[in-house]
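Asks: My structure is below; once you've seen it, I'll send some questions.
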There are 2 protein chains.
Amino acid sequence: MQLDHGSMLQQGLDGEHGLPAATMERLRRRYPAVRGEVESRREAGEYGFFDLASQRETVSQIETFAEGLGQAHEDIIVLGIGGSALGTRALLSAVRGPRWNEWDDEARDYYPRLTVLDNIDPSTMRHALGRIDPRRALVNVISKSGNTAETLAQYLVVRGWLEEALGPAADRHLVFTTDQARGALRDIATRDNIATLEVPPAIGGRFSVLSPVGLLPLALVGVDVEGLLAGAERALERAGADGGGGGSGGGGTDLEANQPALFGGLLWAADTALGARIHVLMPYTDRLRDFGAWFCQLWAESLGKRVDRQGGVVHAGPTPLAAVGATDQHSLVQLFMEGPYDKVVSFLTVADLGDDMVIPEAPGLPEAAAYLPGHSLGELLGAEFGATARALSSNGRMNLTLGLPDLSPRTVGELVMFFQLAVGYAGVWYGVNPFDQPGVELGKQLTFEALGRPGYQEVPGP
Amino acid sequence: MQLDHGSMLQQGLDGEHGLPAATMERLRRRYPAVRGEVESRREAGEYGFFDLASQRETVSQIETFAEGLGQAHEDIIVLGIGGSALGTRALLSAVRGPRWNEWDDEARDYYPRLTVLDNIDPSTMRHALGRIDPRRALVNVISKSGNTAETLAQYLVVRGWLEEALGPAADRHLVFTTDQARGALRDIATRDNIATLEVPPAIGGRFSVLSPVGLLPLALVGVDVEGLLAGAERALERAGADGGGGGSGGGGTDLEANQPALFGGLLWAADTALGARIHVLMPYTDRLRDFGAWFCQLWAESLGKRVDRQGGVVHAGPTPLAAVGATDQHSLVQLFMEGPYDKVVSFLTVADLGDDMVIPEAPGLPEAAAYLPGHSLGELLGAEFGATARALSSNGRMNLTLGLPDLSPRTVGELVMFFQLAVGYAGVWYGVNPFDQPGVELGKQLTFEALGRPGYQEVPGP
């Protein structure tokens with residue numbers, strides 16, 4: 001995994017735009033302090049996600065659990081919303097291909113199918129349940145607080161559906177992933193003796209895909225979760241922030257040696273110094289389309305904050321935007337090329353998609369098609385990425401590229417941890433707390449009011 | 001369909017933010033000139049999409065075509081990218097529900113399944129083709145110019161796949177939707193005697209879902225395309241711009257009577273007067289998730305422009321962002337609530353999703369869940385929308401709501417034409433040409449260079 005940020009810099013663009021050398025120098029000078037703040041906050045109990053790579057015990061628990069359960073079921077249903085759903089969907093699609101569950105009948109001879117329900121739309125719910133046999137389904141209900149309204153509503157509907165088919169045996173088709181002690185899901189599990197996994201207290205929803213939140217459903221459908229965690233560990237090591245301790249590791253003062261910190265710093269500088277407040281993530285593969293949605297939550301909810309760490313009102317926060325190449329060259333790229341200079345485009349490229357197809361020869365093709373045969377689809381995708389990146393640069397549009405060797409579980413785990421680290425560092429560059437989300441409380445309160453629920457209290461968490 | 005824009009106005013928000021009364025007054029005063037410009041440009045041959053509601057002949061041609069073909073096939077494959085794919089997917093999901101084709105086995109007893117391939121990712125291509133029997137598949141290849149690299153690459157791969165199974169009979173499994181005279185697809189169709197439908201010359205890709213581009217595949221899977229067009233006609237009538245002529249119709253000088261023009265004007269004013277350059281579309285249903293992607297193309301490619309109509313360099317263009325409620329309350333809403341005041345959130349609500357489910361009673365629920373039973377999922381969704389809109393307003397965040405009665409083909413057709421009109425008007429408010437996309441040419445040239453294709457010429461179009 002390699003970050004190429006030359007096209008963020010003034011000299012890498014059309015000569016007029018991009019980050020000036022002086023800004024880069026300021027980033028480098030500030031970096032040791034930024035890193036120091038991450039380390040001291042980590043020692044004080046924040047940045048719990050650093051520990052996700054070293055969950056040997058959790059993983060063997062999940063693997064044992066999954067081995068028995070996965071083989072006994074045809075369908076796995078995840079009920080969750082936000083951080084309880086986005087990561088699982090993103091990682092499955094990355095590792096196995098888009099709509100793997102829908103499209104690959106053969107795979108279903110070996111693994112159950114995974115359906116992630118992340119909304120309370122009745123049309124989705126009816127369609128999803130209509131095709132599943134409750135007798136062969138395992139339902140994983142996921143909410144860190146255990147009190148999330150949407151997830152509880154889903155749970156009640158799906159439990160009714162299970163009970164209709166199974167009676168009291170319904171409980172054996174449920175697994176809850178929730179707080180170890182508090183919340184409605186925990187209470188129900190204790191009372192009804194439902195199997196549970198814990199969300200570690202120090203892990204917030206949007207940082208939880210490498211916790212049991214994502215690992216259980218992914219293991220149930222046969223994803224190599226140890227590979228994911230090995231990749232996460234590699235990202236930590238490369239950033240000089242391995243799980244073993246809070247030490248400064250390699251590159252303690254060299255910004256360029258800590259690529260997630262550099263990524264966060266570059267995007268912060270582009271936003272605050274040049275007004276590039278829209279941060280586009282544009283993978284050149286369908287397999288990372290859902291990863292874009294995961295990135296959007298991570299970036300928006302972590303950095304979009306009213307106050308800074310000192311309590312000053314800042315209304316900070318870049319707006320993340322997910323695009324996919326080559327598709328969105330025919331949708332969003334016109335705006336990226338010609339609109340305001342308010343964006344940074346971060347490309348994700350994959351050297352080996354593992355599954356290329358050659359465009360076949362065909363006799364007598366018109367000139368406008370004759371250049372295609374002999375190239376592979378992967379080559380065409382690569383050529384389009386290169387052309388789009390060069391075109392953006394020549395129009396003075398900031399962009400950078402994170403090159404991935406493949407989409408193995410190891411690389412995908414590294415990618416996830418890279419972005420978790422990046423947003424953890426970006427929080428410091430921006431001066432905000434990347435681990436809370438106070439802005440959603442008012443909406444929850446007003447929803448409860450509308451539904452006649454008396455006062456409530458969320459489980460406090462990072 | 002009703003637009004409620006009270007929360008865009010200063011007095012509808014927290015008192016400090018939003019459009020001041022004087023800005024609204026300026027919008028109203030400018031409106032007759034804006035409308036006049038739309039009408040005169042239409043007379044000069046732009047705004048071809050106004051005529052899409054009155055294609056009686058095309059529709060009966062498509063319906064005859066579809067009736068014979070749809071019944072003879074199990075799978076319809078659309079090959080296209082951008083405007084050739086986004087609209088079809090959006091409308092099918094809106095009318096039938098998300099993943100209707102994947103999830104509703106029963107529907108497939110009556111209608112073929114539709115697979116829209118809008119990228120050149122080899123993993124997607126292999127998965128998609130792997131589950132389809134070429135002997136029972138009809139492939140609709142769609143490119144207005146007929147020269148789109150990605151679509152031609154898809155075509156060559158899929159044609160090879162068809163020929164392997166069918167030999168020379170492969171041609172009978174192909175239908176091209178393309179320009180009437182020019183381009184590689186037209187040349188191939190003429191030579192190989194492949195069935196074709198025409199993209200009307202005055203209709204650009206992102207305005208083409210109500211042309212044969214979208215109508216054929218939708219008709220093939222049983223969508224009521226006459227209903228879609230009746231809805232489109234209704235939108236034109238309500239905007240005083242019915243297909244019968246260029247006349248000013250009702251409300252010729254009253255901005256509030258022309259809701260698409262008002263929508264375009266409000267978003268333009270919010271961008272240019274208040275810096276709200278991010279335009280969020282947030283339907284409260286999964287069924288309009290894909291519609292968000294369609295909106296993003298329409299908005300970004302039409303308004304993101306380097307020069308204005310006079311050739312002055314402006315680098316204009318708001319950035320569209322697609323969200324879905326209630327899901328993205330747990331992802332993006334934190335940023336909408338607390339981040340910079342740089343957004344307008346346009347909600348889409350649906351009064352009757354036609355498919356509600358009541359949350360069942362369950363004995364002994366903890367207080368944090370006990371308020372839910374008895375409410376329906378639709379009610380919960382509605383309560384969450386109301387709460388989110390109120391919370392945004394009370395934080396001074398501009399928002400507006402487009403209320404839809406249902407998601408019938410008629411309403412969905414009206415919705416499509418509403419947004420096509422809105423962006424047609426927004427082009428005038430912004431002073432740019434909403435029908436070209438010059439910014440994507442450089443990327444195409446560089447791709448051709450990389451693949452060794454000699455100079456090329458696109459079919460010129462609106």
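So you can find residues: chains in the structure tokens are A, B, ... in the order shown, residues in each start at 1, and ligands are numbered from 1 in order.
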Given only C-alpha atoms, how would the per-residue table for chain A near chain B read, listing every residue at most 6 Å away with its closest atom pair and distance in Å to one decimal, sorted by chain and number, as a tab-separated table?
Replies:
residue	atom	partner	partner_atom	distance
A:Gly82	CA	B:His330	CA	4.7
A:Asn119	CA	B:Thr327	CA	5.3
A:Ile120	CA	B:Leu377	CA	5.9
A:Asp121	CA	B:Thr285	CA	5.8
A:Pro122	CA	B:Asp356	CA	5.3
A:Ser123	CA	B:Asp355	CA	5.8
A:Asn147	CA	B:Ala368	CA	5.9
A:Val157	CA	B:Ile359	CA	5.5
A:Ala184	CA	B:Pro366	CA	5.7
A:Thr285	CA	B:Asp121	CA	5.8
A:Gln297	CA	B:Ser331	CA	4.4
A:Ala300	CA	B:Leu335	CA	5.5
A:Glu301	CA	B:Gln334	CA	5.4
A:Gly304	CA	B:Leu335	CA	4.2
A:Lys305	CA	B:Glu338	CA	5.1
A:Arg306	CA	B:Glu338	CA	4.7
A:His315	CA	B:Gly339	CA	4.5
A:Ala316	CA	B:Gly339	CA	5.0
A:Gly317	CA	B:Gly339	CA	5.2
A:Thr327	CA	B:Asn119	CA	5.3
A:His330	CA	B:Gly82	CA	4.7
A:Ser331	CA	B:Gln297	CA	4.4
A:Leu332	CA	B:Ala300	CA	5.7
A:Gln334	CA	B:Gly439	CA	4.9
A:Leu335	CA	B:Gly304	CA	4.3
A:Met337	CA	B:Gly439	CA	5.7
A:Glu338	CA	B:Arg306	CA	4.7
A:Gly339	CA	B:His315	CA	4.4
A:Pro340	CA	B:His315	CA	4.9
A:Asp355	CA	B:Ser123	CA	5.8
A:Asp356	CA	B:Pro122	CA	5.3
A:Met357	CA	B:Pro122	CA	6.0
A:Ile359	CA	B:Val157	CA	5.5
A:Pro366	CA	B:Ala184	CA	5.7
A:Ala368	CA	B:Ala184	CA	5.9
A:Tyr371	CA	B:Arg453	CA	5.5
A:Leu377	CA	B:Ile120	CA	5.9
A:Ala383	CA	B:Thr447	CA	5.6
A:Glu384	CA	B:Thr447	CA	5.4
A:Ala387	CA	B:Leu446	CA	5.0
A:Thr388	CA	B:Gly443	CA	5.0
A:Ala391	CA	B:Gly443	CA	5.5
A:Gly439	CA	B:Gln334	CA	4.9
A:Val440	CA	B:Gln334	CA	5.5
A:Gly443	CA	B:Thr388	CA	5.1
A:Leu446	CA	B:Ala387	CA	5.0
A:Thr447	CA	B:Ala387	CA	5.3
A:Arg453	CA	B:Tyr371	CA	5.5
Asks: Just C-alpha atoms for this one: save the residues we selected as a short mmCIF file (atom, residue, chain, number, x, y, z; two decimals), in the first residue's frame.
Replies:
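That gives us result-v3.cif:
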data_model
loop_
_atom_site.label_atom_id
_atom_site.label_comp_id
_atom_site.auth_asym_id
_atom_site.auth_seq_id
_atom_site.Cartn_x
_atom_site.Cartn_y
_atom_site.Cartn_z
CA GLY A 82 -24.40 3.27 10.68
CA ASN A 119 -32.64 0.97 7.51
CA ILE A 120 -36.23 0.74 8.69
CA ASP A 121 -37.76 0.99 5.24
CA PRO A 122 -40.67 -1.47 5.20
CA SER A 123 -40.22 -2.26 1.49
CA ASN A 147 -30.80 1.26 22.56
CA VAL A 157 -40.07 -7.12 13.46
CA ALA A 184 -31.99 -2.80 26.04
CA THR A 285 -13.13 -0.77 -8.78
CA GLN A 297 -19.29 8.00 7.78
CA ALA A 300 -18.04 13.10 8.34
CA GLU A 301 -18.96 11.96 11.81
CA GLY A 304 -17.78 17.47 11.50
CA LYS A 305 -17.78 19.28 14.83
CA ARG A 306 -19.20 22.48 16.32
CA HIS A 315 -18.04 24.48 12.87
CA ALA A 316 -15.27 22.41 11.35
CA GLY A 317 -15.42 19.47 9.05
CA THR A 327 -18.28 5.02 -13.80
CA HIS A 330 -19.49 10.03 -16.71
CA SER A 331 -21.13 11.74 -13.76
CA LEU A 332 -19.03 13.72 -11.29
CA GLN A 334 -17.05 17.18 -15.16
CA LEU A 335 -17.57 19.04 -11.86
CA MET A 337 -12.47 19.22 -13.61
CA GLU A 338 -14.24 22.53 -14.15
CA GLY A 339 -16.12 23.50 -10.97
CA PRO A 340 -14.77 25.37 -7.96
CA ASP A 355 -9.97 -11.62 -12.09
CA ASP A 356 -9.16 -9.84 -15.33
CA MET A 357 -10.86 -10.38 -18.70
CA ILE A 359 -11.53 -7.78 -24.59
CA PRO A 366 -15.13 0.50 -36.81
CA ALA A 368 -13.82 3.93 -32.81
CA TYR A 371 -8.30 -0.15 -30.53
CA LEU A 377 -10.78 -4.68 -18.76
CA ALA A 383 -5.65 3.63 -18.33
CA GLU A 384 -8.78 5.54 -17.38
CA ALA A 387 -5.88 9.66 -17.68
CA THR A 388 -8.31 11.09 -15.14
CA ALA A 391 -6.36 15.50 -16.53
CA GLY A 439 -24.89 16.60 16.92
CA VAL A 440 -27.19 13.63 16.51
CA GLY A 443 -32.71 14.44 16.40
CA LEU A 446 -37.22 14.79 18.86
CA THR A 447 -37.89 11.31 17.47
CA ARG A 453 -41.02 7.78 24.61
#
Asks: Determine which residues of segment 228-381 of chain B DSSP labels as strand (DSSP E) from the backbone of this structure, then write them out as a PyMOL selection string.
Replies: chain B and resi 278-283+305-307+313-316+319-322+343-350
Asks: Excluding Leu229 of chain B and its own-chain neighbours fewer than 2 positions away, which residues fall within 12 Å of it when counting only C-alpha atoms? Please give them as a ChimeraX atom specification.
Replies: /B:49-56,58-59,209-212,214-215,223-227,231-236,243,408-417
Asks: Write a file of the selected residues as a PDB file, in the first residue's frame, keeping C-alpha atoms.
Replies:
ATOM      1  CA  PHE B  49     -36.164  17.111 -22.694  1.00  0.00           C
ATOM      2  CA  PHE B  50     -39.384  19.134 -22.582  1.00  0.00           C
ATOM      3  CA  ASP B  51     -40.584  16.965 -25.462  1.00  0.00           C
ATOM      4  CA  LEU B  52     -40.049  13.657 -23.697  1.00  0.00           C
ATOM      5  CA  ALA B  53     -43.543  13.599 -22.223  1.00  0.00           C
ATOM      6  CA  SER B  54     -45.160  13.517 -25.643  1.00  0.00           C
ATOM      7  CA  GLN B  55     -43.604  10.498 -27.355  1.00  0.00           C
ATOM      8  CA  ARG B  56     -46.761   8.588 -28.147  1.00  0.00           C
ATOM      9  CA  THR B  58     -41.967   5.894 -29.369  1.00  0.00           C
ATOM     10  CA  VAL B  59     -43.923   4.476 -26.468  1.00  0.00           C
ATOM     11  CA  VAL B 209     -34.055   8.151 -18.835  1.00  0.00           C
ATOM     12  CA  LEU B 210     -37.500   9.033 -20.211  1.00  0.00           C
ATOM     13  CA  SER B 211     -36.283   8.391 -23.779  1.00  0.00           C
ATOM     14  CA  PRO B 212     -35.773   4.893 -25.241  1.00  0.00           C
ATOM     15  CA  GLY B 214     -34.544   4.080 -19.997  1.00  0.00           C
ATOM     16  CA  LEU B 215     -37.961   3.233 -21.363  1.00  0.00           C
ATOM     17  CA  VAL B 223     -42.705  -1.092 -15.605  1.00  0.00           C
ATOM     18  CA  ASP B 224     -45.646   1.057 -16.725  1.00  0.00           C
ATOM     19  CA  VAL B 225     -43.768   3.438 -19.005  1.00  0.00           C
ATOM     20  CA  GLU B 226     -46.944   5.259 -20.034  1.00  0.00           C
ATOM     21  CA  GLY B 227     -47.431   6.068 -16.364  1.00  0.00           C
ATOM     22  CA  GLY B 231     -46.182  11.888 -14.635  1.00  0.00           C
ATOM     23  CA  ALA B 232     -43.559  13.765 -16.634  1.00  0.00           C
ATOM     24  CA  GLU B 233     -46.308  15.567 -18.495  1.00  0.00           C
ATOM     25  CA  ARG B 234     -47.914  16.522 -15.205  1.00  0.00           C
ATOM     26  CA  ALA B 235     -44.637  18.045 -13.998  1.00  0.00           C
ATOM     27  CA  LEU B 236     -44.425  20.119 -17.182  1.00  0.00           C
ATOM     28  CA  GLY B 243     -45.185  19.928 -24.096  1.00  0.00           C
ATOM     29  CA  SER B 408     -46.207   4.975  -8.468  1.00  0.00           C
ATOM     30  CA  PRO B 409     -44.785   5.227 -11.997  1.00  0.00           C
ATOM     31  CA  ARG B 410     -46.776   8.437 -12.384  1.00  0.00           C
ATOM     32  CA  THR B 411     -45.229  10.052  -9.322  1.00  0.00           C
ATOM     33  CA  VAL B 412     -41.761   8.823 -10.218  1.00  0.00           C
ATOM     34  CA  GLY B 413     -42.105  10.198 -13.756  1.00  0.00           C
ATOM     35  CA  GLU B 414     -43.173  13.516 -12.262  1.00  0.00           C
ATOM     36  CA  LEU B 415     -40.185  13.453  -9.934  1.00  0.00           C
ATOM     37  CA  VAL B 416     -37.756  12.845 -12.797  1.00  0.00           C
ATOM     38  CA  MET B 417     -39.152  15.684 -14.873  1.00  0.00           C
TER      39      MET B 417
END
Asks: Pick the closest to Val428 of chain A from A:Arg182, A:Lys144, A:Arg397, A:Arg309: which is it, counting only C-alpha atoms?
Replies: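 Closest residue, counting only C-alpha atoms: A:Arg309.
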Asks: Could you please determine the separation between atom CA of Ala422 of chain B and atom CA of Pro32 of chain B in Å, to one decimal place?
Replies: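 Separating atom CA of Ala422 of chain B from atom CA of Pro32 of chain B is a distance of 15.3 Å.
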Asks: Write out as a PyMOL selection string all residues of segment 215-317 of chain B that backbone DSSP assigns to alpha helix (DSSP H).
Replies: chain B and resi 215-220+225-238+259-274+289-303
Asks: Go ahead and dump the residues you just picked, N, CA and C atoms, as a compact mmCIF listing (two decimals), in the first residue's frame.
Replies:
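Okay, out.txt is ready:
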# COMPACT_ATOMS: atom_id res chain seq x y z
N LEU B 215 -36.62 3.82 -21.20
CA LEU B 215 -37.96 3.23 -21.36
C LEU B 215 -37.92 1.79 -21.86
N LEU B 216 -36.98 1.47 -22.74
CA LEU B 216 -36.96 0.08 -23.23
C LEU B 216 -36.65 -0.91 -22.10
N PRO B 217 -35.52 -0.76 -21.40
CA PRO B 217 -35.28 -1.76 -20.33
C PRO B 217 -36.37 -1.77 -19.27
N LEU B 218 -36.92 -0.60 -18.94
CA LEU B 218 -37.97 -0.58 -17.93
C LEU B 218 -39.23 -1.29 -18.44
N ALA B 219 -39.56 -1.06 -19.70
CA ALA B 219 -40.73 -1.75 -20.26
C ALA B 219 -40.49 -3.26 -20.31
N LEU B 220 -39.27 -3.65 -20.60
CA LEU B 220 -38.96 -5.09 -20.70
C LEU B 220 -39.18 -5.82 -19.37
N VAL B 225 -44.49 2.27 -18.48
CA VAL B 225 -43.77 3.44 -19.01
C VAL B 225 -44.74 4.55 -19.42
N GLU B 226 -45.97 4.19 -19.77
CA GLU B 226 -46.94 5.26 -20.03
C GLU B 226 -47.21 6.07 -18.77
N GLY B 227 -47.25 5.38 -17.65
CA GLY B 227 -47.43 6.07 -16.36
C GLY B 227 -46.29 7.04 -16.09
N LEU B 228 -45.07 6.58 -16.36
CA LEU B 228 -43.91 7.46 -16.16
C LEU B 228 -44.06 8.74 -16.98
N LEU B 229 -44.45 8.57 -18.25
CA LEU B 229 -44.55 9.75 -19.12
C LEU B 229 -45.73 10.63 -18.75
N ALA B 230 -46.82 10.02 -18.28
CA ALA B 230 -47.96 10.83 -17.82
C ALA B 230 -47.52 11.69 -16.64
N GLY B 231 -46.71 11.12 -15.76
CA GLY B 231 -46.18 11.89 -14.63
C GLY B 231 -45.29 13.02 -15.11
N ALA B 232 -44.45 12.73 -16.09
CA ALA B 232 -43.56 13.77 -16.63
C ALA B 232 -44.38 14.91 -17.21
N GLU B 233 -45.44 14.54 -17.91
CA GLU B 233 -46.31 15.57 -18.50
C GLU B 233 -46.93 16.43 -17.39
N ARG B 234 -47.33 15.79 -16.33
CA ARG B 234 -47.91 16.52 -15.20
C ARG B 234 -46.91 17.53 -14.63
N ALA B 235 -45.65 17.12 -14.51
CA ALA B 235 -44.64 18.05 -14.00
C ALA B 235 -44.50 19.26 -14.92
N LEU B 236 -44.52 19.01 -16.23
CA LEU B 236 -44.43 20.12 -17.18
C LEU B 236 -45.63 21.04 -17.06
N GLU B 237 -46.81 20.45 -16.96
CA GLU B 237 -48.03 21.25 -16.83
C GLU B 237 -48.00 22.11 -15.57
N ARG B 238 -47.60 21.47 -14.48
CA ARG B 238 -47.60 22.21 -13.20
C ARG B 238 -46.59 23.34 -13.23
N GLN B 259 -42.57 25.29 -9.32
CA GLN B 259 -41.76 24.73 -8.24
C GLN B 259 -40.36 24.27 -8.67
N PRO B 260 -40.20 23.67 -9.84
CA PRO B 260 -38.82 23.33 -10.23
C PRO B 260 -37.94 24.57 -10.38
N ALA B 261 -38.51 25.65 -10.94
CA ALA B 261 -37.74 26.89 -11.07
C ALA B 261 -37.39 27.45 -9.70
N LEU B 262 -38.35 27.34 -8.78
CA LEU B 262 -38.12 27.81 -7.41
C LEU B 262 -37.03 26.99 -6.73
N PHE B 263 -37.10 25.67 -6.90
CA PHE B 263 -36.08 24.79 -6.32
C PHE B 263 -34.69 25.17 -6.84
N GLY B 264 -34.59 25.31 -8.16
CA GLY B 264 -33.30 25.70 -8.75
C GLY B 264 -32.83 27.05 -8.25
N GLY B 265 -33.76 27.99 -8.13
CA GLY B 265 -33.41 29.33 -7.67
C GLY B 265 -32.99 29.37 -6.23
N LEU B 266 -33.69 28.62 -5.38
CA LEU B 266 -33.34 28.58 -3.96
C LEU B 266 -31.93 28.00 -3.77
N LEU B 267 -31.64 26.92 -4.49
CA LEU B 267 -30.34 26.29 -4.31
C LEU B 267 -29.22 27.17 -4.88
N TRP B 268 -29.52 27.86 -5.97
CA TRP B 268 -28.54 28.80 -6.52
C TRP B 268 -28.27 29.94 -5.54
N ALA B 269 -29.35 30.49 -4.99
CA ALA B 269 -29.19 31.62 -4.06
C ALA B 269 -28.43 31.19 -2.80
N ALA B 270 -28.77 30.00 -2.31
CA ALA B 270 -28.09 29.50 -1.11
C ALA B 270 -26.59 29.34 -1.38
N ASP B 271 -26.25 28.87 -2.58
CA ASP B 271 -24.85 28.70 -2.96
C ASP B 271 -24.17 30.06 -3.09
N THR B 272 -24.72 30.90 -3.94
CA THR B 272 -24.00 32.11 -4.31
C THR B 272 -24.10 33.21 -3.25
N ALA B 273 -25.21 33.27 -2.51
CA ALA B 273 -25.35 34.33 -1.51
C ALA B 273 -24.83 33.90 -0.14
N LEU B 274 -24.94 32.60 0.17
CA LEU B 274 -24.59 32.16 1.53
C LEU B 274 -23.48 31.11 1.56
N ARG B 289 -32.71 5.52 -3.04
CA ARG B 289 -31.26 5.59 -2.89
C ARG B 289 -30.58 5.76 -4.26
N ASP B 290 -30.96 4.94 -5.22
CA ASP B 290 -30.34 5.04 -6.54
C ASP B 290 -30.75 6.34 -7.26
N PHE B 291 -31.91 6.86 -6.92
CA PHE B 291 -32.32 8.14 -7.48
C PHE B 291 -31.33 9.24 -7.06
N GLY B 292 -30.78 9.10 -5.88
CA GLY B 292 -29.76 10.05 -5.43
C GLY B 292 -28.56 10.08 -6.35
N ALA B 293 -28.13 8.92 -6.81
CA ALA B 293 -26.98 8.86 -7.73
C ALA B 293 -27.34 9.50 -9.07
N TRP B 294 -28.58 9.29 -9.50
CA TRP B 294 -29.05 9.92 -10.75
C TRP B 294 -29.03 11.45 -10.58
N PHE B 295 -29.56 11.93 -9.45
CA PHE B 295 -29.55 13.37 -9.16
C PHE B 295 -28.13 13.92 -9.16
N CYS B 296 -27.21 13.19 -8.58
CA CYS B 296 -25.82 13.68 -8.49
C CYS B 296 -25.24 13.91 -9.89
N GLN B 297 -25.46 12.96 -10.79
CA GLN B 297 -24.95 13.18 -12.15
C GLN B 297 -25.61 14.40 -12.77
N LEU B 298 -26.94 14.47 -12.66
CA LEU B 298 -27.69 15.56 -13.28
C LEU B 298 -27.17 16.90 -12.79
N TRP B 299 -26.99 17.01 -11.49
CA TRP B 299 -26.65 18.29 -10.87
C TRP B 299 -25.18 18.65 -11.15
N ALA B 300 -24.30 17.64 -10.98
CA ALA B 300 -22.85 17.91 -11.10
C ALA B 300 -22.45 18.21 -12.54
N GLU B 301 -22.92 17.37 -13.45
CA GLU B 301 -22.46 17.49 -14.84
C GLU B 301 -23.13 18.69 -15.54
N SER B 302 -24.33 19.05 -15.09
CA SER B 302 -25.03 20.16 -15.73
C SER B 302 -24.53 21.51 -15.24
N LEU B 303 -24.17 21.60 -13.96
CA LEU B 303 -23.89 22.92 -13.39
C LEU B 303 -22.40 23.16 -13.12
Asks: Please list as a list in words every residue within 12 Å of Leu9 of chain A, counting only C-alpha atoms and excluding residues in the same chain fewer than 4 positions away.
Replies: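 Close residues of Leu9 of chain A: Asp4, His5, Leu13, Asp14, Gly15, Glu16, His17, Gly18, Leu19, Pro20, Ala21, Ala22, Thr23, Met24, Glu25, Leu266, Leu267, Ala269, Ala270, Leu274, Val344, Ser393, Gly396, Arg397, Met398, Asn399 and Leu400 of chain A.
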Asks: Calculated over only C-alpha atoms, which of the candidates A:Met1, A:Ala426, A:Ala195, A:Leu288 has the smallest distance to Ser93 of chain A?
Replies: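 Distance minimum relative to Ser93 of chain A lands on A:Leu288.
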Asks: Mind checking which residues fall within 7 Å of Val141 of chain B, counting only C-alpha atoms, ignoring those fewer than 4 positions away in the same chain, and posting them as a ChimeraX atom specification?
Replies: /B:78-80,155,175-177
